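Student: The structure file query_17.txt (compact mmCIF, C-alpha atoms) is provided below.
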# COMPACT_ATOMS: atom_id res chain seq x y z
CA MET A 1407 -6.79 -31.55 18.39
CA SER A 1408 -9.15 -30.34 15.69
CA ASN A 1409 -8.00 -27.76 13.17
CA TRP A 1410 -10.07 -25.07 14.85
CA ASP A 1411 -8.49 -25.80 18.24
CA LYS A 1412 -5.07 -25.68 16.66
CA PHE A 1413 -5.92 -22.31 15.12
CA THR A 1414 -7.16 -20.74 18.36
CA ASP A 1415 -4.27 -22.27 20.28
CA SER A 1416 -1.89 -20.57 17.85
CA PHE A 1417 -3.41 -17.16 17.39
CA PHE A 1418 -5.59 -16.67 20.50
CA ASN A 1419 -3.65 -18.50 23.17
CA ALA A 1420 -4.77 -17.07 26.52
CA ARG A 1421 -1.69 -18.21 28.44
CA VAL A 1422 0.73 -16.62 25.97
CA ALA A 1423 -1.44 -13.52 25.71
CA GLU A 1424 -1.40 -13.04 29.47
CA GLN A 1425 2.36 -13.39 29.56
CA TYR A 1426 3.12 -10.92 26.76
CA LEU A 1427 0.32 -8.39 27.17
CA PRO A 1428 2.40 -6.14 29.49
CA LYS A 1429 5.19 -5.99 26.90
CA ILE A 1430 2.71 -5.07 24.16
CA ILE A 1431 1.23 -2.35 26.39
CA GLU A 1432 4.71 -0.94 27.02
CA GLY A 1433 5.22 -1.01 23.25
CA PHE A 1434 1.88 0.74 22.82
CA TRP A 1435 3.04 3.71 24.92
CA LEU A 1436 6.39 3.77 23.15
CA THR A 1437 4.61 3.90 19.77
CA ILE A 1438 2.51 6.83 21.01
CA LEU A 1439 5.62 8.62 22.30
CA LEU A 1440 7.50 8.12 19.03
CA ALA A 1441 4.47 9.17 16.99
CA GLY A 1442 4.00 12.30 19.12
CA CYS A 1443 7.65 13.30 18.74
CA VAL A 1444 7.54 12.75 14.97
CA ILE A 1445 4.32 14.74 14.53
CA ALA A 1446 5.58 17.66 16.64
CA THR A 1447 8.98 18.06 15.00
CA GLY A 1448 7.85 17.08 11.50
CA LEU A 1449 4.93 19.49 11.27
CA LEU A 1450 6.94 22.32 12.85
CA ALA A 1451 9.96 21.82 10.59
CA GLY A 1452 7.65 21.69 7.57
CA LEU A 1453 6.06 24.98 8.59
CA VAL A 1454 9.47 26.63 9.05
CA LEU A 1455 10.51 25.50 5.55
CA ALA A 1456 7.24 26.82 4.09
CA VAL A 1457 7.76 30.23 5.74
CA LEU A 1458 11.32 30.39 4.44
CA ARG A 1459 10.10 29.47 0.96
CA ALA A 1460 7.40 32.17 1.10
CA MET A 1461 10.14 34.77 1.59
CA GLY A 1462 11.00 34.12 -2.04
CA PHE A 1463 14.80 33.95 -1.83
CA ARG A 1464 15.71 32.06 -5.01
CA PRO A 1465 18.80 29.96 -4.13
CA LEU A 1466 17.27 29.08 -0.76
CA ASN A 1467 14.06 27.99 -2.48
CA TRP A 1468 15.92 25.65 -4.81
CA LEU A 1469 17.58 24.08 -1.81
CA ILE A 1470 14.22 23.68 -0.02
CA ILE A 1471 12.61 22.14 -3.11
CA PHE A 1472 15.51 19.71 -3.45
CA VAL A 1473 15.33 18.64 0.21
CA VAL A 1474 11.55 18.20 -0.03
CA ASP A 1475 11.85 16.14 -3.23
CA LEU A 1476 14.61 14.07 -1.67
CA PHE A 1477 12.55 13.00 1.33
CA ARG A 1478 9.46 12.44 -0.76
CA ALA A 1479 11.42 10.10 -3.02
CA LEU A 1480 13.36 8.11 -0.40
CA PRO A 1481 11.53 5.24 1.33
CA PRO A 1482 11.27 5.93 5.11
CA LEU A 1483 12.89 2.59 5.90
CA VAL A 1484 15.91 3.55 3.80
CA ASN A 1485 16.22 6.78 5.84
CA ILE A 1486 16.05 4.89 9.10
CA VAL A 1487 18.62 2.32 7.99
CA LEU A 1488 20.92 5.02 6.64
CA ILE A 1489 20.82 6.99 9.88
CA PHE A 1490 21.09 3.99 12.18
CA PHE A 1491 23.66 1.88 10.29
CA GLY A 1492 25.29 4.54 8.15
CA LEU A 1493 25.96 7.58 10.31
CA PRO A 1494 28.01 5.71 12.94
CA GLY A 1495 30.66 5.49 10.20
CA MET A 1496 30.92 9.26 10.58
CA GLY A 1497 31.18 9.00 14.35
CA LEU A 1498 27.50 9.86 14.90
CA GLU A 1499 25.83 7.16 16.99
CA PHE A 1500 22.04 7.19 17.17
CA SER A 1501 19.79 5.05 19.34
CA GLY A 1502 17.09 3.20 17.40
CA PHE A 1503 14.46 5.57 18.81
CA ALA A 1504 16.41 8.69 17.81
CA ALA A 1505 17.12 7.29 14.33
CA ALA A 1506 13.45 6.53 13.71
CA TRP A 1507 12.41 9.90 15.16
CA LEU A 1508 14.85 11.83 12.95
CA ALA A 1509 14.10 9.79 9.80
CA LEU A 1510 10.31 9.98 10.06
CA SER A 1511 10.42 13.67 11.06
CA LEU A 1512 12.35 14.46 7.88
CA VAL A 1513 9.77 12.58 5.80
CA LEU A 1514 6.83 14.33 7.49
CA MET A 1515 8.66 17.67 7.18
CA ALA A 1516 8.95 17.20 3.40
CA PHE A 1517 5.33 16.23 2.87
CA ALA A 1518 4.05 18.92 5.26
CA GLU A 1519 6.09 21.65 3.56
CA GLU A 1520 4.63 20.66 0.20
CA ILE A 1521 1.09 20.76 1.58
CA TYR A 1522 1.56 24.09 3.45
CA TRP A 1523 3.08 25.52 0.29
CA ALA A 1524 0.11 24.41 -1.81
CA GLY A 1525 -2.14 26.14 0.72
CA ILE A 1526 -0.06 29.32 0.70
CA THR A 1527 -0.03 29.59 -3.10
CA SER A 1528 -3.80 29.09 -3.13
CA VAL A 1529 -4.21 32.47 -1.39
CA PRO A 1530 -4.42 35.26 -4.00
CA LYS A 1531 -1.40 37.54 -4.34
CA GLY A 1532 -3.56 40.60 -3.64
CA GLN A 1533 -3.74 39.50 0.00
CA TRP A 1534 0.04 39.86 0.34
CA GLU A 1535 -0.03 43.24 -1.41
CA ALA A 1536 -2.91 44.57 0.68
CA SER A 1537 -1.13 43.53 3.90
CA ARG A 1538 2.05 45.24 2.79
CA SER A 1539 0.20 48.44 1.97
CA LEU A 1540 -1.24 48.33 5.50
CA GLY A 1541 2.33 48.22 6.78
CA LEU A 1542 2.21 44.67 8.18
CA PRO A 1543 5.61 42.99 8.40
CA PHE A 1544 6.24 39.67 6.61
CA LEU A 1545 5.79 37.30 9.52
CA VAL A 1546 2.59 39.00 10.72
CA THR A 1547 1.16 38.87 7.20
CA PHE A 1548 2.04 35.20 6.98
CA LEU A 1549 0.58 34.16 10.32
CA VAL A 1550 -2.43 36.48 10.58
CA VAL A 1551 -3.52 36.97 6.96
CA ILE A 1552 -2.29 34.11 4.78
CA MET A 1553 -2.25 31.04 7.05
CA PRO A 1554 -5.86 31.37 8.30
CA GLN A 1555 -7.06 31.36 4.69
CA ALA A 1556 -4.78 28.52 3.67
CA ILE A 1557 -5.51 26.25 6.62
CA ARG A 1558 -8.89 25.06 5.34
CA LEU A 1559 -7.30 23.71 2.20
CA VAL A 1560 -4.40 22.27 4.15
CA ILE A 1561 -6.11 20.32 6.92
CA PRO A 1562 -7.51 17.25 5.07
CA PRO A 1563 -4.35 16.29 3.14
CA LEU A 1564 -2.18 17.11 6.14
CA THR A 1565 -4.27 14.88 8.41
CA ASN A 1566 -4.12 11.95 6.00
CA ARG A 1567 -0.42 12.33 5.37
CA THR A 1568 0.34 12.61 9.08
CA ILE A 1569 -1.61 9.41 9.77
CA ALA A 1570 0.20 7.54 6.98
CA ILE A 1571 3.64 8.62 8.19
CA THR A 1572 2.82 7.99 11.84
CA LYS A 1573 2.05 4.37 10.93
CA GLY A 1574 5.68 4.24 9.83
CA THR A 1575 6.63 4.04 13.52
CA ALA A 1576 6.30 0.27 13.02
CA LEU A 1577 9.46 0.51 10.91
CA ALA A 1578 11.37 1.34 14.09
CA SER A 1579 11.14 -2.37 14.97
CA VAL A 1580 13.81 -2.92 12.30
CA VAL A 1581 16.33 -0.95 14.38
CA ALA A 1582 15.36 -2.80 17.58
CA VAL A 1583 13.00 -0.27 19.13
CA PRO A 1584 10.60 -2.27 21.34
CA GLU A 1585 7.49 -0.46 20.10
CA ILE A 1586 4.33 -2.49 19.41
CA LEU A 1587 5.65 -4.52 16.47
CA GLY A 1588 9.11 -4.92 18.02
CA ALA A 1589 7.60 -6.17 21.29
CA ALA A 1590 5.26 -8.52 19.41
CA GLN A 1591 8.06 -10.02 17.32
CA ALA A 1592 10.19 -10.56 20.41
CA GLY A 1593 7.20 -12.27 22.03
CA VAL A 1594 6.74 -14.60 19.06
CA SER A 1595 10.36 -15.69 19.05
CA PHE A 1596 10.37 -16.35 22.82
CA SER A 1597 7.05 -18.18 23.03
CA PHE A 1598 7.15 -19.74 19.56
CA ASN A 1599 3.49 -18.82 19.26
CA PRO A 1600 2.00 -16.04 17.08
CA THR A 1601 -0.45 -14.79 19.72
CA PRO A 1602 1.73 -11.73 20.51
CA LEU A 1603 1.38 -10.74 16.84
CA THR A 1604 -2.40 -10.94 17.17
CA LEU A 1605 -2.17 -8.72 20.25
CA GLY A 1606 0.11 -6.33 18.37
CA ALA A 1607 -2.29 -6.09 15.42
CA ALA A 1608 -5.13 -5.45 17.88
CA ALA A 1609 -3.08 -2.72 19.58
CA TYR A 1610 -2.50 -1.00 16.22
CA LEU A 1611 -6.23 -1.18 15.48
CA VAL A 1612 -7.03 0.35 18.88
CA LEU A 1613 -4.57 3.14 18.16
CA PHE A 1614 -5.14 3.86 14.47
CA LEU A 1615 -8.71 2.84 13.64
CA PRO A 1616 -10.18 5.89 15.46
CA VAL A 1617 -7.59 8.09 13.72
CA VAL A 1618 -8.46 6.70 10.29
CA VAL A 1619 -12.16 7.25 10.94
CA LEU A 1620 -11.35 10.78 12.15
CA GLY A 1621 -9.39 11.37 8.92
CA ARG A 1622 -12.44 10.27 6.92
CA TRP A 1623 -14.59 12.71 8.89
CA VAL A 1624 -12.13 15.59 8.46
CA GLU A 1625 -12.12 14.96 4.72
CA THR A 1626 -15.90 15.40 4.43
CA ARG A 1627 -16.02 18.20 6.99
CA PHE A 1628 -13.50 20.37 5.13
CA ALA A 1629 -14.45 19.17 1.66
CA TRP A 1630 -14.34 21.74 -1.10
CA LYS A 1631 -17.68 22.46 -2.61
CA ARG A 1632 -17.49 22.23 -6.37
CA MET B 1427 36.87 14.87 4.84
CA SER B 1428 38.64 11.94 3.22
CA GLU B 1429 37.46 9.82 6.14
CA PHE B 1430 33.89 10.88 5.37
CA LEU B 1431 34.30 10.05 1.69
CA GLU B 1432 35.81 6.71 2.61
CA ALA B 1433 32.84 5.86 4.85
CA PHE B 1434 30.04 6.92 2.49
CA PHE B 1435 31.37 7.17 -1.05
CA SER B 1436 34.11 4.57 -1.31
CA TRP B 1437 34.62 3.83 -4.99
CA GLU B 1438 36.32 0.55 -4.24
CA ILE B 1439 33.42 -0.77 -2.17
CA LEU B 1440 30.86 0.51 -4.63
CA SER B 1441 32.41 -1.32 -7.54
CA GLU B 1442 32.56 -4.48 -5.44
CA ALA B 1443 28.93 -4.23 -4.26
CA TRP B 1444 27.49 -3.00 -7.54
CA PRO B 1445 26.45 -6.41 -9.02
CA ILE B 1446 24.51 -7.28 -5.84
CA LEU B 1447 22.88 -3.86 -5.73
CA LEU B 1448 21.89 -4.17 -9.37
CA SER B 1449 20.23 -7.52 -8.77
CA GLY B 1450 18.41 -5.92 -5.83
CA PHE B 1451 17.28 -3.09 -8.08
CA TYR B 1452 15.78 -5.57 -10.58
CA GLN B 1453 14.06 -7.35 -7.72
CA THR B 1454 12.55 -4.03 -6.56
CA LEU B 1455 11.27 -3.35 -10.07
CA LEU B 1456 9.88 -6.88 -10.31
CA LEU B 1457 8.11 -6.50 -6.95
CA SER B 1458 6.60 -3.18 -8.03
CA VAL B 1459 5.37 -4.69 -11.29
CA ILE B 1460 3.67 -7.45 -9.30
CA VAL B 1461 2.13 -5.48 -6.43
CA ILE B 1462 0.94 -2.32 -8.24
CA PRO B 1463 -1.45 -4.08 -10.68
CA LEU B 1464 -2.66 -6.31 -7.82
CA GLY B 1465 -3.43 -3.26 -5.66
CA VAL B 1466 -5.07 -1.34 -8.52
CA ALA B 1467 -7.26 -4.33 -9.42
CA GLY B 1468 -8.26 -4.88 -5.79
CA GLY B 1469 -8.96 -1.19 -5.29
CA LEU B 1470 -11.05 -0.95 -8.43
CA LEU B 1471 -13.09 -3.95 -7.36
CA LEU B 1472 -13.63 -2.47 -3.86
CA ALA B 1473 -14.65 0.91 -5.30
CA ILE B 1474 -17.10 -0.51 -7.83
CA LEU B 1475 -18.65 -2.80 -5.22
CA SER B 1476 -19.06 0.11 -2.83
CA THR B 1477 -21.28 1.93 -5.33
CA ALA B 1478 -23.90 -0.72 -4.45
CA LYS B 1479 -27.15 0.64 -3.03
CA SER B 1480 -27.46 -1.89 -0.22
CA ARG B 1481 -25.82 -0.80 3.03
CA TRP B 1482 -25.18 -4.49 3.80
CA VAL B 1483 -22.64 -4.34 1.00
CA ARG B 1484 -21.30 -0.84 1.58
CA TRP B 1485 -20.69 -0.92 5.34
CA PRO B 1486 -18.59 -4.08 5.46
CA LEU B 1487 -16.53 -2.66 2.61
CA ILE B 1488 -15.91 0.58 4.51
CA ALA B 1489 -14.93 -1.44 7.58
CA TYR B 1490 -12.57 -3.57 5.49
CA VAL B 1491 -10.92 -0.51 3.95
CA ASP B 1492 -10.54 1.27 7.29
CA VAL B 1493 -9.08 -1.77 9.06
CA PHE B 1494 -6.43 -2.29 6.41
CA ARG B 1495 -5.66 1.41 6.28
CA ALA B 1496 -5.23 1.41 10.07
CA LEU B 1497 -2.74 -1.48 10.18
CA PRO B 1498 0.82 -0.47 9.28
CA PRO B 1499 1.89 -2.39 6.15
CA LEU B 1500 4.92 -3.82 7.94
CA VAL B 1501 2.63 -5.30 10.61
CA LEU B 1502 0.51 -6.98 7.92
CA LEU B 1503 3.61 -8.31 6.21
CA VAL B 1504 5.10 -9.74 9.42
CA PHE B 1505 1.74 -11.19 10.41
CA VAL B 1506 1.37 -12.97 7.07
CA TYR B 1507 4.99 -14.10 6.88
CA ALA B 1508 5.64 -15.11 10.49
CA GLY B 1509 2.07 -15.85 11.61
CA LEU B 1510 0.49 -17.97 8.88
CA PRO B 1511 3.02 -20.84 9.09
CA PHE B 1512 1.62 -21.49 12.59
CA ALA B 1513 -1.78 -22.03 10.97
CA GLY B 1514 -0.18 -24.66 8.74
CA LEU B 1515 0.11 -22.31 5.77
CA GLU B 1516 3.70 -21.93 4.64
CA VAL B 1517 4.06 -18.82 2.51
CA SER B 1518 7.15 -17.85 0.56
CA ALA B 1519 8.56 -14.37 1.10
CA ILE B 1520 7.19 -13.18 -2.20
CA GLY B 1521 3.79 -14.74 -1.44
CA ALA B 1522 3.71 -12.92 1.91
CA VAL B 1523 4.62 -9.65 0.22
CA ALA B 1524 1.92 -10.14 -2.42
CA ILE B 1525 -0.78 -10.87 0.21
CA GLY B 1526 0.28 -8.11 2.62
CA PHE B 1527 0.59 -5.51 -0.12
CA PHE B 1528 -2.70 -6.56 -1.68
CA LEU B 1529 -4.54 -6.02 1.60
CA ASN B 1530 -2.87 -2.67 2.31
CA THR B 1531 -2.53 -0.99 -1.08
CA GLY B 1532 -5.82 -2.42 -2.31
CA ALA B 1533 -7.55 -0.56 0.52
CA TYR B 1534 -5.76 2.70 -0.33
CA TYR B 1535 -6.43 2.43 -4.07
CA GLY B 1536 -10.02 1.51 -3.26
CA GLU B 1537 -10.49 4.69 -1.25
CA ILE B 1538 -9.04 6.79 -4.08
CA PHE B 1539 -11.17 5.16 -6.78
CA ARG B 1540 -14.25 5.52 -4.58
CA ALA B 1541 -13.63 9.27 -4.23
CA GLY B 1542 -13.18 9.40 -8.01
CA LEU B 1543 -16.44 7.57 -8.73
CA GLU B 1544 -18.29 9.85 -6.32
CA SER B 1545 -16.90 12.93 -8.08
CA VAL B 1546 -18.66 12.04 -11.35
CA PRO B 1547 -22.06 13.79 -11.47
CA ALA B 1548 -25.14 11.53 -11.49
CA GLY B 1549 -26.29 13.18 -14.72
CA GLN B 1550 -23.50 11.34 -16.55
CA ARG B 1551 -24.93 7.95 -15.57
CA GLU B 1552 -28.44 9.04 -16.38
CA ALA B 1553 -27.46 10.36 -19.78
CA ALA B 1554 -25.55 7.15 -20.53
CA ARG B 1555 -28.57 5.09 -19.51
CA ALA B 1556 -30.84 7.26 -21.65
CA LEU B 1557 -28.61 6.39 -24.59
CA GLY B 1558 -29.26 2.72 -23.87
CA LEU B 1559 -25.80 1.73 -22.60
CA GLY B 1560 -25.57 -1.36 -20.42
CA ARG B 1561 -24.29 -1.25 -16.82
CA ALA B 1562 -20.79 -2.41 -17.69
CA GLN B 1563 -20.62 0.04 -20.56
CA ILE B 1564 -21.74 2.92 -18.33
CA MET B 1565 -19.03 2.09 -15.79
CA GLY B 1566 -16.24 1.32 -18.22
CA LEU B 1567 -16.85 3.89 -20.93
CA VAL B 1568 -18.48 6.82 -19.14
CA VAL B 1569 -17.96 6.93 -15.38
CA LEU B 1570 -14.55 5.33 -14.85
CA PRO B 1571 -12.56 7.43 -17.37
CA GLN B 1572 -13.84 10.65 -15.76
CA ALA B 1573 -13.28 9.27 -12.27
CA VAL B 1574 -9.67 8.35 -13.02
CA ARG B 1575 -8.97 11.77 -14.49
CA ASN B 1576 -10.37 13.47 -11.40
CA VAL B 1577 -8.16 11.53 -8.98
CA LEU B 1578 -5.07 11.16 -11.16
CA PRO B 1579 -2.72 13.01 -8.76
CA ASP B 1580 -3.82 10.76 -5.88
CA LEU B 1581 -3.31 7.66 -8.01
CA VAL B 1582 0.20 8.74 -8.97
CA SER B 1583 0.97 9.65 -5.37
CA ASN B 1584 -0.19 6.28 -4.08
CA THR B 1585 1.77 4.44 -6.75
CA LEU B 1586 4.88 6.33 -5.68
CA GLU B 1587 4.21 5.28 -2.09
CA VAL B 1588 3.81 1.64 -3.15
CA VAL B 1589 7.17 1.59 -4.94
CA LYS B 1590 8.79 3.11 -1.83
CA LEU B 1591 6.98 0.59 0.32
CA THR B 1592 8.59 -2.36 -1.49
CA SER B 1593 11.64 -1.58 0.69
CA ILE B 1594 9.87 -3.20 3.67
CA ALA B 1595 10.09 -6.54 1.86
CA SER B 1596 13.72 -6.51 3.05
CA VAL B 1597 12.36 -7.38 6.51
CA VAL B 1598 11.17 -10.78 5.26
CA ALA B 1599 14.49 -11.37 3.48
CA MET B 1600 13.31 -10.58 -0.05
CA PRO B 1601 16.57 -9.76 -1.85
CA GLU B 1602 15.41 -6.35 -3.09
CA LEU B 1603 17.50 -3.17 -3.21
CA LEU B 1604 17.52 -2.26 0.49
CA PHE B 1605 18.11 -5.86 1.58
CA GLN B 1606 21.08 -6.26 -0.75
CA ALA B 1607 22.49 -2.92 0.37
CA ARG B 1608 22.30 -3.98 4.02
CA GLN B 1609 23.92 -7.31 3.23
CA ALA B 1610 26.77 -5.52 1.47
CA GLN B 1611 27.03 -3.01 4.32
CA SER B 1612 27.28 -5.69 6.99
CA VAL B 1613 29.97 -7.55 5.06
CA THR B 1614 32.10 -4.52 4.25
CA TYR B 1615 31.25 -2.58 7.43
CA ASN B 1616 30.96 0.53 5.28
CA ALA B 1617 27.91 2.69 4.55
CA THR B 1618 28.64 3.11 0.84
CA PRO B 1619 26.19 0.38 -0.34
CA ILE B 1620 23.29 1.93 1.64
CA MET B 1621 24.20 5.37 0.32
CA ALA B 1622 24.27 3.95 -3.20
CA ALA B 1623 20.86 2.32 -2.68
CA ALA B 1624 19.46 5.66 -1.49
CA VAL B 1625 20.81 7.35 -4.61
CA VAL B 1626 19.26 4.65 -6.82
CA TYR B 1627 15.86 5.07 -5.11
CA PHE B 1628 16.12 8.82 -5.54
CA LEU B 1629 17.05 8.66 -9.23
CA LEU B 1630 14.26 6.15 -9.85
CA LEU B 1631 11.55 8.14 -8.07
CA TRP B 1632 12.55 11.77 -8.49
CA PRO B 1633 10.86 12.11 -11.92
CA LEU B 1634 7.67 10.76 -10.39
CA VAL B 1635 7.89 13.26 -7.50
CA ARG B 1636 8.37 16.15 -9.97
CA LEU B 1637 5.44 14.95 -12.09
CA LEU B 1638 3.33 14.71 -8.95
CA SER B 1639 4.16 18.26 -7.88
CA ARG B 1640 3.03 19.55 -11.25
CA LEU B 1641 -0.18 17.51 -11.23
CA GLU B 1642 -1.01 18.72 -7.71
CA ASN B 1643 -0.39 22.36 -8.62
CA LYS B 1644 -2.57 22.00 -11.69
CA GLN B 1645 -5.37 20.48 -9.65
CA LEU B 1646 -5.09 23.26 -7.10
CA ALA B 1647 -5.15 25.93 -9.80
CA GLY B 1648 -8.42 24.43 -11.03
CA ARG B 1649 -9.98 24.86 -7.59
CA ARG B 1650 -8.98 28.44 -7.06
Take the structure I supplied and represent it as structure tokens, if you would.

Tutor:
Amino acid sequence: MSNWDKFTDSFFNARVAEQYLPKIIEGFWLTILLAGCVIATGLLAGLVLAVLRAMGFRPLNWLIIFVVDLFRALPPLVNIVLIFFGLPGMGLEFSGFAAAWLALSLVLMAFAEEIYWAGITSVPKGQWEASRSLGLPFLVTFLVVIMPQAIRLVIPPLTNRTIAITKGTALASVVAVPEILGAAQAGVSFSFNPTPLTLGAAAYLVLFLPVVVLGRWVETRFAWKR
Amino acid sequence: MSEFLEAFFSWEILSEAWPILLSGFYQTLLLSVIVIPLGVAGGLLLAILSTAKSRWVRWPLIAYVDVFRALPPLVLLVFVYAGLPFAGLEVSAIGAVAIGFFLNTGAYYGEIFRAGLESVPAGQREAARALGLGRAQIMGLVVLPQAVRNVLPDLVSNTLEVVKLTSIASVVAMPELLFQARQAQSVTYNATPIMAAAVVYFLLLWPLVRLLSRLENKQLAGRR
């Protein structure tokens, strides 16, 4: 066997690929499900924190800032490991999926809050005062007056951050979730051939390459003119 | 309550696990010191190359950057560590980490430096050329310093992410902080070592997070 044949037999082995493709596809859907859950809860929780912070209640704000700093400083994998291996010691059992969902949601929440907050503070104070003099209540002011002005500033960094954290779903393979990477690694150890890893990498490219290109587009589309 | 303390903050277990955790901490620092300069150098090279006029240079570079930004770093790392031996290339854990991180963080740094270079007005280059500076001088003395200043918050942010990312090296059995904490946890069957590792990460990175918040606010204030 020439070197080239050996290479293709290892990384592009049709027989192995055929056998493990269904597993990778199952993993593909699981990755999308996990990513969707993380994005939904993370972005929502971040928004709730930003609204609470905008109310300007000092002790609460310190707590929010601390929580945000905490989850910006801790590596996502450490969160996942802590929740999955640590919390059972307290009698709280999590499945791998739930642990990854919770851990990554907390991380996205922290980053999203910080970005929403930057957007909110970019809106001049006079907007708040004008709304109040018109008799608008806090939440209406926030949603109808402030957020629409802040959103333009918020969208590019939020998109990029969301993409980066969503890629963290691969970390769930560490706590035995059979998402793309988990399924691929299982395939490699059963077949003793790295073709499932090639398939897995291809699956990630199919999933994330369009998103990365979209992120690039969003960045130019919403770019701030200097 | 005492049960909770026993499970997460056991003094006895902490003092037993501390030497291992400390060695893991040094390993994390060592890894960071290796992979950050590698990524910065790779990114700088990518960014400077992508200022080329020819699209035959620029487009492959954009494709390269996007591909390695689309692949999760853990996937790259596992591919390099578990895949390459099948191609007859045995890589050590630290070699795999260096290659995987170079591909991933190099692409991210490259994108940041590219944005920085683009933010410097063309007049700066023209003025530098009018003064008779050579190409390397224009890049190194005029354009790059301004570019770096313009994207400083992004550079700090990415560096923070890279330090956090070193925790995935635990997956390929690099004895860094998270790996050592998990070893200690599985031996003692107690979460204290992982909790301690989390605290160490937090104490190490919190100053950087605070600095970043201030830089970002300053940048935003400039745009208002």

Student: Do a neighbour search on Pro1481 in chain A at 7 Å with only C-alpha atoms, toss out local chain neighbours closer than 2 positions, and write the hits as a list of chain:residue names.

Tutor: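 Once the adjacent positions are removed, what remains is A:Ala1479, A:Leu1483, A:Val1484, A:Asn1485, B:Lys1590, B:Leu1591, B:Ser1593.
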
Student: Any idea what's packed within 10 Å of Leu1464 in chain B, counting only C-alpha atoms, ignoring anything in its chain fewer than 2 positions away? Could you give it as an mmCIF file with C-alpha atoms, keeping the file's coordinate frame?

Tutor:
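part-v3.cif was written with the following content:
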data_model
loop_
_atom_site.group_PDB
_atom_site.id
_atom_site.type_symbol
_atom_site.label_atom_id
_atom_site.label_comp_id
_atom_site.auth_asym_id
_atom_site.auth_seq_id
_atom_site.Cartn_x
_atom_site.Cartn_y
_atom_site.Cartn_z
ATOM 1 C CA SER B 1458 6.600 -3.180 -8.030
ATOM 2 C CA VAL B 1459 5.370 -4.690 -11.290
ATOM 3 C CA ILE B 1460 3.670 -7.450 -9.300
ATOM 4 C CA VAL B 1461 2.130 -5.480 -6.430
ATOM 5 C CA ILE B 1462 0.940 -2.320 -8.240
ATOM 6 C CA VAL B 1466 -5.070 -1.340 -8.520
ATOM 7 C CA ALA B 1467 -7.260 -4.330 -9.420
ATOM 8 C CA GLY B 1468 -8.260 -4.880 -5.790
ATOM 9 C CA GLY B 1469 -8.960 -1.190 -5.290
ATOM 10 C CA LEU B 1470 -11.050 -0.950 -8.430
ATOM 11 C CA ALA B 1524 1.920 -10.140 -2.420
ATOM 12 C CA ILE B 1525 -0.780 -10.870 0.210
ATOM 13 C CA PHE B 1527 0.590 -5.510 -0.120
ATOM 14 C CA PHE B 1528 -2.700 -6.560 -1.680
ATOM 15 C CA LEU B 1529 -4.540 -6.020 1.600
ATOM 16 C CA THR B 1531 -2.530 -0.990 -1.080
ATOM 17 C CA GLY B 1532 -5.820 -2.420 -2.310
#

Student: Identify all chain A residues at most 6 Å from chain B by counting only C-alpha atoms; ligands do not count. Present them as a PyMOL selection string.

Tutor: chain A and resi 1413+1479-1481+1492+1495+1573+1600+1614-1615

Student: Which of these residues is nearest to Ala1570 in chain A, using all atoms listed in the file: B:Thr1477, B:Ala1595, B:Leu1515, B:Asn1584?

Tutor: B:Asn1584

Student: Measure the distance from CA of Val1568 in chain B to CA of Leu1471 in chain B in Å and round it to one decimal.

Tutor: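 Atom-to-atom, CA of Val1568 in chain B and CA of Leu1471 in chain B are spaced 16.8 Å apart.
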
Student: Return the single residue from B:Leu1503, B:Ile1538, B:Leu1570, B:Leu1559 that is closest to Ala1522 in chain B, with distances computed using all atoms listed in the file.

Tutor: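 Result for the nearest residue to Ala1522 in chain B: B:Leu1503.
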
Student: For Arg1558 in chain A, please output as a list in words all residues within 12 Å (counting only C-alpha atoms; exclusion window: fewer than 6 positions along the same chain).

Tutor: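 Residues near the query, excluding close chain neighbours: Ile1521, Tyr1522, Ala1524, Gly1525, Ile1526, Ser1528, Val1529, Ile1552, Leu1564, Thr1565, Val1624, Glu1625, Thr1626, Arg1627, Phe1628, Ala1629 and Trp1630 of chain A.
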
Student: Please list as a list in words every residue within 12 Å of Glu1552 in chain B, counting all atoms listed in the file and excluding residues in the same chain fewer than 3 positions away.

Tutor: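 Residues meeting the cut-off are Val1546, Pro1547, Ala1548, Gly1549, Arg1555, Ala1556, Leu1557, Gly1558, Leu1559, Gly1560, Arg1561, Ile1564, Met1565, Val1568 and Val1569 of chain B.
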
Student: What does the file look like for those residues with C-alpha atoms, as an mmCIF file, in the coordinates of the input?

Tutor:
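The resulting file, selection.cif, is reproduced below:
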data_model
loop_
_atom_site.group_PDB
_atom_site.id
_atom_site.type_symbol
_atom_site.label_atom_id
_atom_site.label_comp_id
_atom_site.auth_asym_id
_atom_site.auth_seq_id
_atom_site.Cartn_x
_atom_site.Cartn_y
_atom_site.Cartn_z
ATOM 1 C CA VAL B 1546 -18.660 12.040 -11.350
ATOM 2 C CA PRO B 1547 -22.060 13.790 -11.470
ATOM 3 C CA ALA B 1548 -25.140 11.530 -11.490
ATOM 4 C CA GLY B 1549 -26.290 13.180 -14.720
ATOM 5 C CA ARG B 1555 -28.570 5.090 -19.510
ATOM 6 C CA ALA B 1556 -30.840 7.260 -21.650
ATOM 7 C CA LEU B 1557 -28.610 6.390 -24.590
ATOM 8 C CA GLY B 1558 -29.260 2.720 -23.870
ATOM 9 C CA LEU B 1559 -25.800 1.730 -22.600
ATOM 10 C CA GLY B 1560 -25.570 -1.360 -20.420
ATOM 11 C CA ARG B 1561 -24.290 -1.250 -16.820
ATOM 12 C CA ILE B 1564 -21.740 2.920 -18.330
ATOM 13 C CA MET B 1565 -19.030 2.090 -15.790
ATOM 14 C CA VAL B 1568 -18.480 6.820 -19.140
ATOM 15 C CA VAL B 1569 -17.960 6.930 -15.380
#
